[in-house]
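This report concerns only the one structure given below.
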Amino acid sequence: TAGFAHVSCLAEQAKILIAEAEENNLTDKVNERWQRWRTCSLCEQEYHGLVGCALGWACWKTYAGRPEEDMARRFAMSVLGNGLSDAKHHKDALSVREAELSLLRRIGAPQNDILLVKGNVANTYQLLERREDALTLRREVYSECVNLHGEEHFDTIREANNYASSLHNLRRFEEAKALFRKMIPVARRLLGESHHLTLTMRWTYALTLYRADGATLDDLCVAVTTLEETKRIARRVLGGAHPLVVDIGDEYRDAQAAFCARETLRPSRKYVKPRPDPKELCFATATSRSAPSSARGSASEAPPPYYNIPLPQTGES
């Protein structure tokens with residue numbers, strides 16, 4: 001669906017809700033209300049593109065005058081960094097993220113908050129094509145999240161996705177596939193099939209299958225089926241115009257074309273559908289045959305990273 005709104009009205013709505021929570025000590029509502037700077041209250045989708053960038057600046061201007069230890073000011077830095085990345089101002093976003101990380105270390109912020117911002121720094125490295133730097137930092141953040149939270153935690157799932165994406169971008173496909181096979185079932189169980197992060201992980205896993213050197217027909221089949229299912233779910237949840245839906249659709253067509261091209265090279269014979277490989281059943285409901293690594297070229301990137309927002313603490317551990 002598509003709609004129109006004045007950014008100033010969205011910003012004013014978020015400011016009013018948060019001011020009310022602060023004045024009345026509504027600690028149980030703090031996280032929910034802070035999300036209004038990033039998420040629509042009606043459809044619950046995140047703002048993106050220029051709207052996300054404009055709201056990032058509005059959020060920062062609202063709270064920049066507070067002391068640097070103030071949680072609202074720290075949160076506003078994250079919203080601004082994410083907004084700049086939404087508008088593809090990645091160098092500016094990196095400056096904001098590095099300043100935020102330096103601040104958190106200086107004031108002795110909780111380890112989880114520091115991990116969130118380190119993850120965002122790594123994501124921005126990737127968008128600036130500093131792939132090795134991104135991989136090193138993402139590996140570190142993922143490992144620390146496992147130690148801090150265990151594997152069945154949203155932050156760990158998110159960082160696993162970002163780390164596997166870095167492995168994909170450096171063409172370390174076998175390592176990426178192994179991590180996705182380990183963590184996608186966790187995401188589907190904890191977050192559900194229609195969660196944005198679950199959709200992103202399945203999308204990237206399919207790309208890793210069909211772009212890998214030596215991808216088999218069965219690999220290509222799983223990739224095509226996974227992209228088809230993911231596109232269907234994403235369209236139902238997000239609408240056909242959402243960037244995620246558009247990008248998955250493009251990759252689905254590429255994978256399908258690569259699969260068809262591979263099929264034409266086989267000796268002429270009656271097609272026999274391959275038996276499912278049990279280890280792939282958690283990624284696609286039917287087996288398929290996947291696409292060759294040349295489908296989109298060696299420089300192809302994984303989907304955009306999944307950003308982190310360190311929300312204000314409400315007394316929970």
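Chain identifiers are assigned as A, B, and so on, following the order in which chains appear in the structure tokens; residues are numbered from 1 within each chain, and ligands are numbered from 1 in order of appearance.
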Point to revise | Spatial neighbours of His242 of chain A, max dist 10 Å, only C-alpha atoms, sep filter under 4 positions, as number ranges by chain | key: A: 1-2, 45, 48, 234-235, 237-238, 246-247
Exercise for review: Might you pull out every residue within 9 Å of Thr198 of chain A, with only C-alpha atoms counted and same-chain residues fewer than 4 positions away left off, and present them as JSON, numbers by chain?
Suggested key: {"A": [184, 187, 188, 191, 192, 193, 194, 202, 203]}
With N, CA, C and O atoms retained, could you export that selection as an mmCIF file, in the first residue's frame?
data_model
loop_
_atom_site.group_PDB
_atom_site.id
_atom_site.type_symbol
_atom_site.label_atom_id
_atom_site.label_comp_id
_atom_site.auth_asym_id
_atom_site.auth_seq_id
_atom_site.Cartn_x
_atom_site.Cartn_y
_atom_site.Cartn_z
ATOM 1 N N ILE A 184 18.402 -20.037 10.590
ATOM 2 C CA ILE A 184 17.074 -19.785 10.015
ATOM 3 C C ILE A 184 15.980 -20.549 10.770
ATOM 4 O O ILE A 184 14.918 -19.977 11.058
ATOM 5 N N ALA A 187 15.156 -18.502 13.751
ATOM 6 C CA ALA A 187 14.381 -17.306 13.413
ATOM 7 C C ALA A 187 12.928 -17.644 13.132
ATOM 8 O O ALA A 187 12.013 -16.945 13.596
ATOM 9 N N ARG A 188 12.700 -18.729 12.403
ATOM 10 C CA ARG A 188 11.327 -19.093 12.063
ATOM 11 C C ARG A 188 10.544 -19.489 13.320
ATOM 12 O O ARG A 188 9.352 -19.185 13.439
ATOM 13 N N LEU A 191 10.608 -15.889 15.739
ATOM 14 C CA LEU A 191 10.065 -14.662 15.164
ATOM 15 C C LEU A 191 8.852 -14.900 14.280
ATOM 16 O O LEU A 191 8.036 -13.991 14.087
ATOM 17 N N GLY A 192 8.760 -16.077 13.694
ATOM 18 C CA GLY A 192 7.663 -16.363 12.778
ATOM 19 C C GLY A 192 8.074 -16.208 11.330
ATOM 20 O O GLY A 192 9.077 -15.568 11.000
ATOM 21 N N GLU A 193 7.280 -16.784 10.444
ATOM 22 C CA GLU A 193 7.593 -16.785 9.012
ATOM 23 C C GLU A 193 7.546 -15.400 8.386
ATOM 24 O O GLU A 193 8.253 -15.127 7.421
ATOM 25 N N SER A 194 6.690 -14.521 8.925
ATOM 26 C CA SER A 194 6.456 -13.240 8.260
ATOM 27 C C SER A 194 7.277 -12.095 8.832
ATOM 28 O O SER A 194 7.140 -10.959 8.379
ATOM 29 N N ARG A 202 16.029 -15.745 4.768
ATOM 30 C CA ARG A 202 15.695 -16.743 3.739
ATOM 31 C C ARG A 202 16.083 -16.239 2.355
ATOM 32 O O ARG A 202 16.550 -17.009 1.508
ATOM 33 N N TRP A 203 15.875 -14.959 2.110
ATOM 34 C CA TRP A 203 16.271 -14.344 0.844
ATOM 35 C C TRP A 203 17.785 -14.499 0.637
ATOM 36 O O TRP A 203 18.241 -14.965 -0.413
#
Check your understanding: Could you pull the residues within 9 Å of segment 206-209 of chain A, counting only C-alpha atoms, minus those fewer than 2 positions along the same chain, as number ranges by chain?
Key -> A: 165, 168, 171, 173-174, 176-177, 201-204, 211-212, 215-216, 219-220, 222-227, 251, 255, 283, 290-293, 302
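Using only C-alpha atoms, the nearest neighbour of Arg38 of chain A within the list A:Val121, A:Leu244, A:Ala21, A:Val79 is A:Val79.
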Exercise for review: Work out how far apart atom CA of Asp133 of chain A and atom CA of Trp57 of chain A are and give it in Å to one decimal.
Suggested key: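 Going from atom CA of Asp133 of chain A over to atom CA of Trp57 of chain A covers 27.4 Å.
Distances from A:His89, A:His195, A:Arg189, A:Arg36 to Leu10 of chain A were compared using only C-alpha atoms, and the smallest one belongs to A:Arg36.
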